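Text of the file structure_39.pdb, holding PDB, N, CA and C atoms:
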ATOM      1  N   ILE A   1      14.804   6.556   5.200
ATOM      2  CA  ILE A   1      13.745   7.166   4.399
ATOM      3  C   ILE A   1      14.173   8.579   4.036
ATOM      4  N   ILE A   2      14.106   8.866   2.743
ATOM      5  CA  ILE A   2      14.495  10.200   2.300
ATOM      6  C   ILE A   2      13.292  11.048   1.896
ATOM      7  N   LEU A   3      12.127  10.414   1.749
ATOM      8  CA  LEU A   3      10.933  11.145   1.357
ATOM      9  C   LEU A   3       9.720  10.495   1.998
ATOM     10  N   ALA A   4       8.841  11.300   2.564
ATOM     11  CA  ALA A   4       7.580  10.828   3.135
ATOM     12  C   ALA A   4       6.521  11.865   2.803
ATOM     13  N   GLU A   5       5.463  11.432   2.131
ATOM     14  CA  GLU A   5       4.402  12.347   1.726
ATOM     15  C   GLU A   5       3.049  11.664   1.871
ATOM     16  N   THR A   6       2.001  12.466   1.947
ATOM     17  CA  THR A   6       0.638  11.946   1.938
ATOM     18  C   THR A   6      -0.064  12.423   0.672
ATOM     19  N   GLU A   7      -1.098  11.667   0.290
ATOM     20  CA  GLU A   7      -1.936  12.019  -0.863
ATOM     21  C   GLU A   7      -1.132  12.207  -2.153
ATOM     22  N   VAL A   8      -0.202  11.297  -2.411
ATOM     23  CA  VAL A   8       0.619  11.339  -3.622
ATOM     24  C   VAL A   8      -0.182  10.761  -4.781
ATOM     25  N   ILE A   9      -0.157  11.456  -5.921
ATOM     26  CA  ILE A   9      -0.892  11.011  -7.093
ATOM     27  C   ILE A   9       0.056  10.276  -8.043
ATOM     28  N   LEU A  10      -0.332   9.045  -8.401
ATOM     29  CA  LEU A  10       0.447   8.234  -9.331
ATOM     30  C   LEU A  10       0.115   8.631 -10.766
ATOM     31  N   LEU A  11       0.918   8.177 -11.720
ATOM     32  CA  LEU A  11       0.672   8.486 -13.123
ATOM     33  C   LEU A  11      -0.688   7.960 -13.597
ATOM     34  N   SER A  12      -1.203   6.946 -12.930
ATOM     35  CA  SER A  12      -2.518   6.373 -13.265
ATOM     36  C   SER A  12      -3.670   7.249 -12.786
ATOM     37  N   GLY A  13      -3.341   8.231 -11.956
ATOM     38  CA  GLY A  13      -4.384   9.064 -11.352
ATOM     39  C   GLY A  13      -4.792   8.581  -9.976
ATOM     40  N   ASP A  14      -4.337   7.396  -9.589
ATOM     41  CA  ASP A  14      -4.633   6.896  -8.248
ATOM     42  C   ASP A  14      -3.907   7.750  -7.218
ATOM     43  N   ARG A  15      -4.513   7.881  -6.041
ATOM     44  CA  ARG A  15      -3.950   8.698  -4.968
ATOM     45  C   ARG A  15      -3.570   7.799  -3.789
ATOM     46  N   LEU A  16      -2.297   7.843  -3.408
ATOM     47  CA  LEU A  16      -1.807   7.053  -2.275
ATOM     48  C   LEU A  16      -2.096   7.783  -0.971
ATOM     49  N   ASP A  17      -2.488   7.024   0.061
ATOM     50  CA  ASP A  17      -2.668   7.635   1.381
ATOM     51  C   ASP A  17      -1.336   8.148   1.900
ATOM     52  N   VAL A  18      -0.325   7.284   1.851
ATOM     53  CA  VAL A  18       1.013   7.643   2.326
ATOM     54  C   VAL A  18       2.037   7.045   1.367
ATOM     55  N   TYR A  19       3.120   7.779   1.138
ATOM     56  CA  TYR A  19       4.171   7.341   0.217
ATOM     57  C   TYR A  19       5.528   7.596   0.865
ATOM     58  N   PHE A  20       6.409   6.607   0.762
ATOM     59  CA  PHE A  20       7.779   6.737   1.244
ATOM     60  C   PHE A  20       8.743   6.361   0.125
ATOM     61  N   GLN A  21       9.899   6.994   0.136
ATOM     62  CA  GLN A  21      10.999   6.538  -0.718
ATOM     63  C   GLN A  21      12.229   6.406   0.165
ATOM     64  N   GLN A  22      12.884   5.256   0.064
ATOM     65  CA  GLN A  22      14.073   4.986   0.857
ATOM     66  C   GLN A  22      15.332   5.375   0.089
ATOM     67  N   LYS A  23      16.450   5.423   0.790
ATOM     68  CA  LYS A  23      17.728   5.793   0.170
ATOM     69  C   LYS A  23      18.089   4.897  -1.002
ATOM     70  N   ASP A  24      17.738   3.609  -0.917
ATOM     71  CA  ASP A  24      18.053   2.674  -1.999
ATOM     72  C   ASP A  24      17.049   2.759  -3.153
ATOM     73  N   LYS A  25      16.190   3.785  -3.137
ATOM     74  CA  LYS A  25      15.167   4.070  -4.147
ATOM     75  C   LYS A  25      13.952   3.148  -4.075
ATOM     76  N   THR A  26      13.848   2.339  -3.014
ATOM     77  CA  THR A  26      12.638   1.551  -2.822
ATOM     78  C   THR A  26      11.482   2.514  -2.590
ATOM     79  N   ARG A  27      10.398   2.286  -3.328
ATOM     80  CA  ARG A  27       9.195   3.111  -3.215
ATOM     81  C   ARG A  27       8.132   2.306  -2.470
ATOM     82  N   ILE A  28       7.513   2.924  -1.470
ATOM     83  CA  ILE A  28       6.545   2.232  -0.622
ATOM     84  C   ILE A  28       5.217   2.983  -0.643
ATOM     85  N   ALA A  29       4.166   2.281  -1.051
ATOM     86  CA  ALA A  29       2.807   2.818  -1.025
ATOM     87  C   ALA A  29       2.083   2.240   0.183
ATOM     88  N   VAL A  30       1.422   3.103   0.934
ATOM     89  CA  VAL A  30       0.696   2.663   2.125
ATOM     90  C   VAL A  30      -0.779   3.025   1.968
ATOM     91  N   GLU A  31      -1.623   2.031   2.141
ATOM     92  CA  GLU A  31      -3.073   2.233   2.155
ATOM     93  C   GLU A  31      -3.527   2.105   3.606
ATOM     94  N   VAL A  32      -4.325   3.044   4.082
ATOM     95  CA  VAL A  32      -4.743   3.083   5.477
ATOM     96  C   VAL A  32      -6.250   2.878   5.572
ATOM     97  N   LYS A  33      -6.664   2.013   6.486
ATOM     98  CA  LYS A  33      -8.085   1.793   6.758
ATOM     99  C   LYS A  33      -8.327   1.983   8.264
ATOM    100  N   SER A  34      -9.344   2.779   8.584
ATOM    101  CA  SER A  34      -9.622   3.100   9.983
ATOM    102  C   SER A  34     -10.427   1.992  10.667
ATOM    103  N   ARG A  35     -10.611   2.160  11.940
ATOM    104  CA  ARG A  35     -11.349   1.168  12.734
ATOM    105  C   ARG A  35     -12.816   1.081  12.328
ATOM    106  N   ILE A  36     -13.341   2.095  11.625
ATOM    107  CA  ILE A  36     -14.742   2.045  11.202
ATOM    108  C   ILE A  36     -14.906   1.421   9.818
ATOM    109  N   SER A  37     -13.791   1.021   9.193
ATOM    110  CA  SER A  37     -13.860   0.386   7.864
ATOM    111  C   SER A  37     -14.477  -1.003   7.974
ATOM    112  N   PRO A  38     -15.552  -1.257   7.219
ATOM    113  CA  PRO A  38     -16.138  -2.599   7.229
ATOM    114  C   PRO A  38     -15.236  -3.585   6.481
ATOM    115  N   ASP A  39     -15.552  -4.848   6.644
ATOM    116  CA  ASP A  39     -14.738  -5.914   6.067
ATOM    117  C   ASP A  39     -14.570  -5.777   4.549
ATOM    118  N   ASP A  40     -15.625  -5.367   3.844
ATOM    119  CA  ASP A  40     -15.517  -5.235   2.388
ATOM    120  C   ASP A  40     -14.613  -4.069   1.989
ATOM    121  N   ASP A  41     -14.534  -3.031   2.812
ATOM    122  CA  ASP A  41     -13.616  -1.916   2.531
ATOM    123  C   ASP A  41     -12.164  -2.344   2.764
ATOM    124  N   ILE A  42     -11.948  -3.203   3.736
ATOM    125  CA  ILE A  42     -10.600  -3.732   3.972
ATOM    126  C   ILE A  42     -10.195  -4.638   2.805
ATOM    127  N   LEU A  43     -11.135  -5.424   2.300
ATOM    128  CA  LEU A  43     -10.855  -6.238   1.107
ATOM    129  C   LEU A  43     -10.478  -5.324  -0.063
ATOM    130  N   ARG A  44     -11.197  -4.232  -0.231
ATOM    131  CA  ARG A  44     -10.865  -3.256  -1.273
ATOM    132  C   ARG A  44      -9.452  -2.714  -1.066
ATOM    133  N   GLY A  45      -9.072  -2.493   0.191
ATOM    134  CA  GLY A  45      -7.720  -2.025   0.511
ATOM    135  C   GLY A  45      -6.652  -3.023   0.098
ATOM    136  N   ILE A  46      -6.937  -4.305   0.264
ATOM    137  CA  ILE A  46      -5.999  -5.345  -0.182
ATOM    138  C   ILE A  46      -5.805  -5.240  -1.687
ATOM    139  N   PHE A  47      -6.910  -5.100  -2.413
ATOM    140  CA  PHE A  47      -6.819  -4.984  -3.870
ATOM    141  C   PHE A  47      -6.180  -3.667  -4.307
ATOM    142  N   GLN A  48      -6.371  -2.606  -3.534
ATOM    143  CA  GLN A  48      -5.674  -1.355  -3.840
ATOM    144  C   GLN A  48      -4.160  -1.561  -3.735
ATOM    145  N   CYS A  49      -3.724  -2.315  -2.746
ATOM    146  CA  CYS A  49      -2.293  -2.601  -2.596
ATOM    147  C   CYS A  49      -1.759  -3.393  -3.788
ATOM    148  N   VAL A  50      -2.529  -4.365  -4.260
ATOM    149  CA  VAL A  50      -2.140  -5.128  -5.445
ATOM    150  C   VAL A  50      -1.970  -4.171  -6.630
ATOM    151  N   LYS A  51      -2.942  -3.285  -6.809
ATOM    152  CA  LYS A  51      -2.920  -2.332  -7.917
ATOM    153  C   LYS A  51      -1.756  -1.350  -7.783
ATOM    154  N   TYR A  52      -1.553  -0.803  -6.590
ATOM    155  CA  TYR A  52      -0.491   0.179  -6.394
ATOM    156  C   TYR A  52       0.882  -0.413  -6.667
ATOM    157  N   LYS A  53       1.091  -1.667  -6.285
ATOM    158  CA  LYS A  53       2.374  -2.323  -6.557
ATOM    159  C   LYS A  53       2.610  -2.411  -8.058
ATOM    160  N   SER A  54       1.592  -2.796  -8.798
ATOM    161  CA  SER A  54       1.718  -2.894 -10.258
ATOM    162  C   SER A  54       2.001  -1.529 -10.876
ATOM    163  N   ILE A  55       1.315  -0.511 -10.394
ATOM    164  CA  ILE A  55       1.509   0.834 -10.944
ATOM    165  C   ILE A  55       2.903   1.355 -10.618
ATOM    166  N   LEU A  56       3.355   1.178  -9.384
ATOM    167  CA  LEU A  56       4.709   1.621  -9.022
ATOM    168  C   LEU A  56       5.760   0.902  -9.859
ATOM    169  N   ASP A  57       5.574  -0.409 -10.060
ATOM    170  CA  ASP A  57       6.504  -1.173 -10.903
ATOM    171  C   ASP A  57       6.507  -0.627 -12.334
ATOM    172  N   ALA A  58       5.319  -0.301 -12.859
ATOM    173  CA  ALA A  58       5.214   0.237 -14.219
ATOM    174  C   ALA A  58       5.872   1.614 -14.314
ATOM    175  N   GLU A  59       5.682   2.450 -13.320
ATOM    176  CA  GLU A  59       6.321   3.770 -13.313
ATOM    177  C   GLU A  59       7.840   3.631 -13.288
ATOM    178  N   ASN A  60       8.334   2.713 -12.476
ATOM    179  CA  ASN A  60       9.781   2.479 -12.428
ATOM    180  C   ASN A  60      10.300   2.023 -13.789
ATOM    181  N   ARG A  61       9.566   1.136 -14.417
ATOM    182  CA  ARG A  61       9.966   0.639 -15.737
ATOM    183  C   ARG A  61       9.982   1.778 -16.755
ATOM    184  N   LEU A  62       8.974   2.635 -16.712
ATOM    185  CA  LEU A  62       8.894   3.785 -17.614
ATOM    186  C   LEU A  62      10.116   4.690 -17.470
ATOM    187  N   HIS A  63      10.588   4.852 -16.233
ATOM    188  CA  HIS A  63      11.724   5.734 -15.947
ATOM    189  C   HIS A  63      13.054   4.990 -15.894
ATOM    190  N   CYS A  64      13.040   3.727 -16.366
ATOM    191  CA  CYS A  64      14.254   2.888 -16.406
ATOM    192  C   CYS A  64      14.919   2.784 -15.036
ATOM    193  N   GLU A  65      14.090   2.674 -14.010
ATOM    194  CA  GLU A  65      14.569   2.507 -12.637
ATOM    195  C   GLU A  65      14.393   1.047 -12.227
ATOM    196  N   PRO A  66      15.247   0.555 -11.322
ATOM    197  CA  PRO A  66      15.028  -0.799 -10.805
ATOM    198  C   PRO A  66      13.667  -0.855 -10.101
ATOM    199  N   SER A  67      13.012  -1.990 -10.181
ATOM    200  CA  SER A  67      11.671  -2.103  -9.616
ATOM    201  C   SER A  67      11.728  -2.541  -8.163
ATOM    202  N   ARG A  68      12.046  -1.613  -7.292
ATOM    203  CA  ARG A  68      12.053  -1.871  -5.849
ATOM    204  C   ARG A  68      10.824  -1.188  -5.267
ATOM    205  N   THR A  69       9.769  -1.959  -5.092
ATOM    206  CA  THR A  69       8.525  -1.402  -4.576
ATOM    207  C   THR A  69       7.921  -2.315  -3.524
ATOM    208  N   ARG A  70       7.173  -1.689  -2.628
ATOM    209  CA  ARG A  70       6.421  -2.422  -1.604
ATOM    210  C   ARG A  70       5.091  -1.726  -1.423
ATOM    211  N   THR A  71       4.099  -2.481  -1.011
ATOM    212  CA  THR A  71       2.840  -1.890  -0.579
ATOM    213  C   THR A  71       2.497  -2.455   0.788
ATOM    214  N   ILE A  72       1.898  -1.613   1.593
ATOM    215  CA  ILE A  72       1.539  -2.000   2.955
ATOM    216  C   ILE A  72       0.120  -1.520   3.231
ATOM    217  N   LEU A  73      -0.701  -2.404   3.767
ATOM    218  CA  LEU A  73      -2.035  -2.048   4.227
ATOM    219  C   LEU A  73      -1.958  -1.882   5.738
ATOM    220  N   VAL A  74      -2.335  -0.711   6.225
ATOM    221  CA  VAL A  74      -2.296  -0.416   7.657
ATOM    222  C   VAL A  74      -3.730  -0.333   8.169
ATOM    223  N   LEU A  75      -4.009  -1.117   9.211
ATOM    224  CA  LEU A  75      -5.358  -1.193   9.778
ATOM    225  C   LEU A  75      -5.352  -0.810  11.250
ATOM    226  N   GLU A  76      -6.380  -0.109  11.660
ATOM    227  CA  GLU A  76      -6.559   0.139  13.098
ATOM    228  C   GLU A  76      -7.170  -1.082  13.780
ATOM    229  N   THR A  77      -7.700  -1.994  12.980
ATOM    230  CA  THR A  77      -8.342  -3.202  13.501
ATOM    231  C   THR A  77      -7.542  -4.428  13.055
ATOM    232  N   SER A  78      -8.177  -5.578  13.108
ATOM    233  CA  SER A  78      -7.556  -6.823  12.668
ATOM    234  C   SER A  78      -8.260  -7.349  11.424
ATOM    235  N   LEU A  79      -7.549  -8.146  10.664
ATOM    236  CA  LEU A  79      -8.125  -8.778   9.478
ATOM    237  C   LEU A  79      -9.112  -9.874   9.873
ATOM    238  N   SER A  80     -10.164  -9.992   9.099
ATOM    239  CA  SER A  80     -11.066 -11.134   9.259
ATOM    240  C   SER A  80     -10.351 -12.370   8.706
ATOM    241  N   GLU A  81     -10.883 -13.538   8.989
ATOM    242  CA  GLU A  81     -10.265 -14.769   8.501
ATOM    243  C   GLU A  81     -10.209 -14.792   6.973
ATOM    244  N   SER A  82     -11.299 -14.373   6.325
ATOM    245  CA  SER A  82     -11.315 -14.402   4.858
ATOM    246  C   SER A  82     -10.338 -13.384   4.268
ATOM    247  N   ASN A  83     -10.245 -12.200   4.864
ATOM    248  CA  ASN A  83      -9.291 -11.213   4.358
ATOM    249  C   ASN A  83      -7.852 -11.612   4.664
ATOM    250  N   TYR A  84      -7.647 -12.337   5.755
ATOM    251  CA  TYR A  84      -6.309 -12.842   6.059
ATOM    252  C   TYR A  84      -5.859 -13.799   4.945
ATOM    253  N   LYS A  85      -6.762 -14.670   4.530
ATOM    254  CA  LYS A  85      -6.437 -15.611   3.447
ATOM    255  C   LYS A  85      -6.171 -14.865   2.137
ATOM    256  N   THR A  86      -6.946 -13.820   1.875
ATOM    257  CA  THR A  86      -6.767 -13.042   0.642
ATOM    258  C   THR A  86      -5.432 -12.316   0.643
ATOM    259  N   LYS A  87      -5.067 -11.687   1.750
ATOM    260  CA  LYS A  87      -3.775 -10.982   1.805
ATOM    261  C   LYS A  87      -2.625 -11.972   1.637
ATOM    262  N   ASP A  88      -2.752 -13.173   2.172
ATOM    263  CA  ASP A  88      -1.726 -14.201   1.984
ATOM    264  C   ASP A  88      -1.652 -14.651   0.528
ATOM    265  N   LEU A  89      -2.804 -14.802  -0.106
ATOM    266  CA  LEU A  89      -2.863 -15.222  -1.495
ATOM    267  C   LEU A  89      -2.091 -14.254  -2.393
ATOM    268  N   PHE A  90      -2.213 -12.963  -2.120
ATOM    269  CA  PHE A  90      -1.564 -11.949  -2.945
ATOM    270  C   PHE A  90      -0.253 -11.434  -2.368
ATOM    271  N   GLY A  91       0.146 -11.937  -1.204
ATOM    272  CA  GLY A  91       1.413 -11.530  -0.606
ATOM    273  C   GLY A  91       1.433 -10.084  -0.155
ATOM    274  N   ILE A  92       0.325  -9.603   0.368
ATOM    275  CA  ILE A  92       0.227  -8.216   0.805
ATOM    276  C   ILE A  92       0.689  -8.104   2.260
ATOM    277  N   GLU A  93       1.559  -7.140   2.494
ATOM    278  CA  GLU A  93       2.044  -6.860   3.839
ATOM    279  C   GLU A  93       0.971  -6.049   4.567
ATOM    280  N   VAL A  94       0.598  -6.498   5.767
ATOM    281  CA  VAL A  94      -0.446  -5.829   6.542
ATOM    282  C   VAL A  94       0.073  -5.548   7.946
ATOM    283  N   ILE A  95      -0.191  -4.337   8.415
ATOM    284  CA  ILE A  95       0.077  -3.977   9.801
ATOM    285  C   ILE A  95      -1.292  -3.824  10.463
ATOM    286  N   GLU A  96      -1.571  -4.689  11.442
ATOM    287  CA  GLU A  96      -2.863  -4.685  12.120
ATOM    288  C   GLU A  96      -2.768  -3.949  13.455
ATOM    289  N   SER A  97      -3.934  -3.502  13.920
ATOM    290  CA  SER A  97      -4.080  -2.855  15.224
ATOM    291  C   SER A  97      -3.123  -1.692  15.406
ATOM    292  N   PHE A  98      -2.962  -0.900  14.350
ATOM    293  CA  PHE A  98      -2.061   0.258  14.387
ATOM    294  C   PHE A  98      -2.684   1.363  15.231
ATOM    295  N   LYS A  99      -1.899   1.925  16.119
ATOM    296  CA  LYS A  99      -2.332   3.037  16.972
ATOM    297  C   LYS A  99      -1.445   4.232  16.683
ATOM    298  N   TYR A 100      -2.072   5.378  16.569
ATOM    299  CA  TYR A 100      -1.279   6.591  16.334
ATOM    300  C   TYR A 100      -1.731   7.704  17.244
TER     301      TYR A 100
END

Go ahead and express the file in the form of structure tokens.
Amino acid sequence: IILAETEVILLSGDRLDVYFQQKDKTRIAVEVKSRISPDDDILRGIFQCVKYKSILDAENRLHCEPSRTRTILVLETSLSESNYKTKDLFGIEVIESFKY
């Protein structure tokens, strides 16, 4: 990792909780949800990851960069069964029960 920042603003105006860039230019957007986040807020986080991936891909295309992007949803809790199915449907990477 060559860059790690918080509260990064994308060209769309969206604000990432955490952003990383790796040596190979892979860009990683991380959305974080705390243990007090209700199930519908976690679902919103899944959709934010879908959106952030599209925006990062579009930014890369605008700058004629290869589209190496990832999004990760980080939770202090676990996914509900319905949100687990949704994250699988959209191929969202999730880290559950994160402790810091």

### Query
Got a sec to resolve the PyMOL selection byres ((chain A and resi 75-77) around 8) on this structure and send the residues as a count of residues only?
20

### Task
Enumerate the residues of chain A with a DSSP assignment of strand (DSSP E), computed from the backbone, and present them as number ranges by chain.
A: 3-9, 15-21, 27-33, 69-75, 93-95

Selected residues written out with N, CA and C atoms, as a compact mmCIF listing (two decimals), in the coordinates of the input:
# COMPACT_ATOMS: atom_id res chain seq x y z
N LEU A 3 12.13 10.41 1.75
CA LEU A 3 10.93 11.14 1.36
C LEU A 3 9.72 10.50 2.00
N ALA A 4 8.84 11.30 2.56
CA ALA A 4 7.58 10.83 3.14
C ALA A 4 6.52 11.86 2.80
N GLU A 5 5.46 11.43 2.13
CA GLU A 5 4.40 12.35 1.73
C GLU A 5 3.05 11.66 1.87
N THR A 6 2.00 12.47 1.95
CA THR A 6 0.64 11.95 1.94
C THR A 6 -0.06 12.42 0.67
N GLU A 7 -1.10 11.67 0.29
CA GLU A 7 -1.94 12.02 -0.86
C GLU A 7 -1.13 12.21 -2.15
N VAL A 8 -0.20 11.30 -2.41
CA VAL A 8 0.62 11.34 -3.62
C VAL A 8 -0.18 10.76 -4.78
N ILE A 9 -0.16 11.46 -5.92
CA ILE A 9 -0.89 11.01 -7.09
C ILE A 9 0.06 10.28 -8.04
N ARG A 15 -4.51 7.88 -6.04
CA ARG A 15 -3.95 8.70 -4.97
C ARG A 15 -3.57 7.80 -3.79
N LEU A 16 -2.30 7.84 -3.41
CA LEU A 16 -1.81 7.05 -2.28
C LEU A 16 -2.10 7.78 -0.97
N ASP A 17 -2.49 7.02 0.06
CA ASP A 17 -2.67 7.64 1.38
C ASP A 17 -1.34 8.15 1.90
N VAL A 18 -0.32 7.28 1.85
CA VAL A 18 1.01 7.64 2.33
C VAL A 18 2.04 7.04 1.37
N TYR A 19 3.12 7.78 1.14
CA TYR A 19 4.17 7.34 0.22
C TYR A 19 5.53 7.60 0.86
N PHE A 20 6.41 6.61 0.76
CA PHE A 20 7.78 6.74 1.24
C PHE A 20 8.74 6.36 0.12
N GLN A 21 9.90 6.99 0.14
CA GLN A 21 11.00 6.54 -0.72
C GLN A 21 12.23 6.41 0.16
N ARG A 27 10.40 2.29 -3.33
CA ARG A 27 9.20 3.11 -3.22
C ARG A 27 8.13 2.31 -2.47
N ILE A 28 7.51 2.92 -1.47
CA ILE A 28 6.54 2.23 -0.62
C ILE A 28 5.22 2.98 -0.64
N ALA A 29 4.17 2.28 -1.05
CA ALA A 29 2.81 2.82 -1.02
C ALA A 29 2.08 2.24 0.18
N VAL A 30 1.42 3.10 0.93
CA VAL A 30 0.70 2.66 2.12
C VAL A 30 -0.78 3.02 1.97
N GLU A 31 -1.62 2.03 2.14
CA GLU A 31 -3.07 2.23 2.15
C GLU A 31 -3.53 2.10 3.61
N VAL A 32 -4.32 3.04 4.08
CA VAL A 32 -4.74 3.08 5.48
C VAL A 32 -6.25 2.88 5.57
N LYS A 33 -6.66 2.01 6.49
CA LYS A 33 -8.09 1.79 6.76
C LYS A 33 -8.33 1.98 8.26
N THR A 69 9.77 -1.96 -5.09
CA THR A 69 8.52 -1.40 -4.58
C THR A 69 7.92 -2.32 -3.52
N ARG A 70 7.17 -1.69 -2.63
CA ARG A 70 6.42 -2.42 -1.60
C ARG A 70 5.09 -1.73 -1.42
N THR A 71 4.10 -2.48 -1.01
CA THR A 71 2.84 -1.89 -0.58
C THR A 71 2.50 -2.46 0.79
N ILE A 72 1.90 -1.61 1.59
CA ILE A 72 1.54 -2.00 2.96
C ILE A 72 0.12 -1.52 3.23
N LEU A 73 -0.70 -2.40 3.77
CA LEU A 73 -2.04 -2.05 4.23
C LEU A 73 -1.96 -1.88 5.74
N VAL A 74 -2.34 -0.71 6.22
CA VAL A 74 -2.30 -0.42 7.66
C VAL A 74 -3.73 -0.33 8.17
N LEU A 75 -4.01 -1.12 9.21
CA LEU A 75 -5.36 -1.19 9.78
C LEU A 75 -5.35 -0.81 11.25
N GLU A 93 1.56 -7.14 2.49
CA GLU A 93 2.04 -6.86 3.84
C GLU A 93 0.97 -6.05 4.57
N VAL A 94 0.60 -6.50 5.77
CA VAL A 94 -0.45 -5.83 6.54
C VAL A 94 0.07 -5.55 7.95
N ILE A 95 -0.19 -4.34 8.41
CA ILE A 95 0.08 -3.98 9.80
C ILE A 95 -1.29 -3.82 10.46

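Backbone DSSP assigns alpha helix (DSSP H) in stretch 49-85 of chain A to Cys49, Val50, Lys51, Tyr52, Lys53, Ser54, Ile55, Leu56, Asp57, Ala58, Glu59, Asn60, Arg61, Leu62, Glu81, Ser82, Asn83, Tyr84 and Lys85 of chain A.
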
Around all the atoms of stretch 41-51 of chain A listed in the file, with 6 Å of room on each side, what axis-aligned box do you get, giving centre and edge lengths in Å to one decimal, as lines of an AutoDock Vina configuration file?
center_x = -8.1
center_y = -3.8
center_z = -2.0
size_x = 24.8
size_y = 16.9
size_z = 23.9

### Query
Of the candidates A:Lys53, A:Gly45, A:Leu3, A:Glu65, which one gets nearest to A:Gln22 if we count all atoms listed in the file?
A:Leu3

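Nearest to A:Gln48 of all the residues A:Thr26, A:Leu11, A:Ser82, A:Lys87 is A:Lys87, based on only C-alpha atoms.
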
### Message
Between atom CA of A:Leu43 and atom C of A:Glu93, what is the distance in Å, rounded to a tenth?
### Response
12.3 Å

Export stretch 8-62 of chain A, C-alpha atoms, as a PDB file, in the first residue's frame; it's the structure right above.
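Below is the file that was written, decode.pdb:
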ATOM      1  CA  VAL A   8     -11.578  10.946   0.415  1.00  0.00           C
ATOM      2  CA  ILE A   9     -13.937  12.771  -1.940  1.00  0.00           C
ATOM      3  CA  LEU A  10     -14.590  11.185  -5.341  1.00  0.00           C
ATOM      4  CA  LEU A  11     -15.288  13.173  -8.512  1.00  0.00           C
ATOM      5  CA  SER A  12     -18.992  12.359  -7.983  1.00  0.00           C
ATOM      6  CA  GLY A  13     -18.914  14.176  -4.656  1.00  0.00           C
ATOM      7  CA  ASP A  14     -19.257  10.937  -2.708  1.00  0.00           C
ATOM      8  CA  ARG A  15     -17.016  10.655   0.353  1.00  0.00           C
ATOM      9  CA  LEU A  16     -15.182   7.396   1.106  1.00  0.00           C
ATOM     10  CA  ASP A  17     -14.703   6.341   4.726  1.00  0.00           C
ATOM     11  CA  VAL A  18     -11.285   4.883   3.928  1.00  0.00           C
ATOM     12  CA  TYR A  19      -9.259   4.792   0.704  1.00  0.00           C
ATOM     13  CA  PHE A  20      -6.150   2.806  -0.205  1.00  0.00           C
ATOM     14  CA  GLN A  21      -3.986   2.713  -3.298  1.00  0.00           C
ATOM     15  CA  GLN A  22      -1.606  -0.182  -3.847  1.00  0.00           C
ATOM     16  CA  LYS A  23       1.708  -0.177  -5.717  1.00  0.00           C
ATOM     17  CA  ASP A  24       0.051  -1.804  -8.742  1.00  0.00           C
ATOM     18  CA  LYS A  25      -2.387   1.187  -8.806  1.00  0.00           C
ATOM     19  CA  THR A  26      -5.313  -0.858  -7.480  1.00  0.00           C
ATOM     20  CA  ARG A  27      -7.694   1.571  -5.784  1.00  0.00           C
ATOM     21  CA  ILE A  28      -9.673   0.307  -2.782  1.00  0.00           C
ATOM     22  CA  ALA A  29     -12.737   2.011  -1.304  1.00  0.00           C
ATOM     23  CA  VAL A  30     -13.788   0.931   2.179  1.00  0.00           C
ATOM     24  CA  GLU A  31     -17.208   1.590   3.682  1.00  0.00           C
ATOM     25  CA  VAL A  32     -17.396   1.141   7.465  1.00  0.00           C
ATOM     26  CA  LYS A  33     -20.495   0.361   9.530  1.00  0.00           C
ATOM     27  CA  SER A  34     -20.393   0.302  13.332  1.00  0.00           C
ATOM     28  CA  ARG A  35     -21.997  -2.165  15.703  1.00  0.00           C
ATOM     29  CA  ILE A  36     -24.935   0.234  16.192  1.00  0.00           C
ATOM     30  CA  SER A  37     -25.783   0.235  12.457  1.00  0.00           C
ATOM     31  CA  PRO A  38     -29.215  -1.314  11.880  1.00  0.00           C
ATOM     32  CA  ASP A  39     -29.767  -3.886   9.164  1.00  0.00           C
ATOM     33  CA  ASP A  40     -31.111  -1.324   6.667  1.00  0.00           C
ATOM     34  CA  ASP A  41     -27.988   0.844   7.112  1.00  0.00           C
ATOM     35  CA  ILE A  42     -25.809  -2.189   6.385  1.00  0.00           C
ATOM     36  CA  LEU A  43     -27.879  -2.810   3.242  1.00  0.00           C
ATOM     37  CA  ARG A  44     -27.213   0.824   2.291  1.00  0.00           C
ATOM     38  CA  GLY A  45     -23.499   0.121   2.847  1.00  0.00           C
ATOM     39  CA  ILE A  46     -23.654  -2.770   0.382  1.00  0.00           C
ATOM     40  CA  PHE A  47     -25.174  -0.457  -2.215  1.00  0.00           C
ATOM     41  CA  GLN A  48     -22.596   2.229  -1.431  1.00  0.00           C
ATOM     42  CA  CYS A  49     -19.905  -0.333  -2.283  1.00  0.00           C
ATOM     43  CA  VAL A  50     -21.631  -1.091  -5.596  1.00  0.00           C
ATOM     44  CA  LYS A  51     -21.732   2.644  -6.355  1.00  0.00           C
ATOM     45  CA  TYR A  52     -18.143   3.326  -5.267  1.00  0.00           C
ATOM     46  CA  LYS A  53     -16.817   0.543  -7.502  1.00  0.00           C
ATOM     47  CA  SER A  54     -18.607   2.045 -10.501  1.00  0.00           C
ATOM     48  CA  ILE A  55     -17.338   5.531  -9.697  1.00  0.00           C
ATOM     49  CA  LEU A  56     -13.735   4.377  -9.203  1.00  0.00           C
ATOM     50  CA  ASP A  57     -13.910   2.478 -12.510  1.00  0.00           C
ATOM     51  CA  ALA A  58     -15.278   5.611 -14.231  1.00  0.00           C
ATOM     52  CA  GLU A  59     -12.543   7.803 -12.735  1.00  0.00           C
ATOM     53  CA  ASN A  60      -9.899   5.356 -13.935  1.00  0.00           C
ATOM     54  CA  ARG A  61     -11.418   5.382 -17.408  1.00  0.00           C
ATOM     55  CA  LEU A  62     -11.459   9.199 -17.424  1.00  0.00           C
TER      56      LEU A  62
END
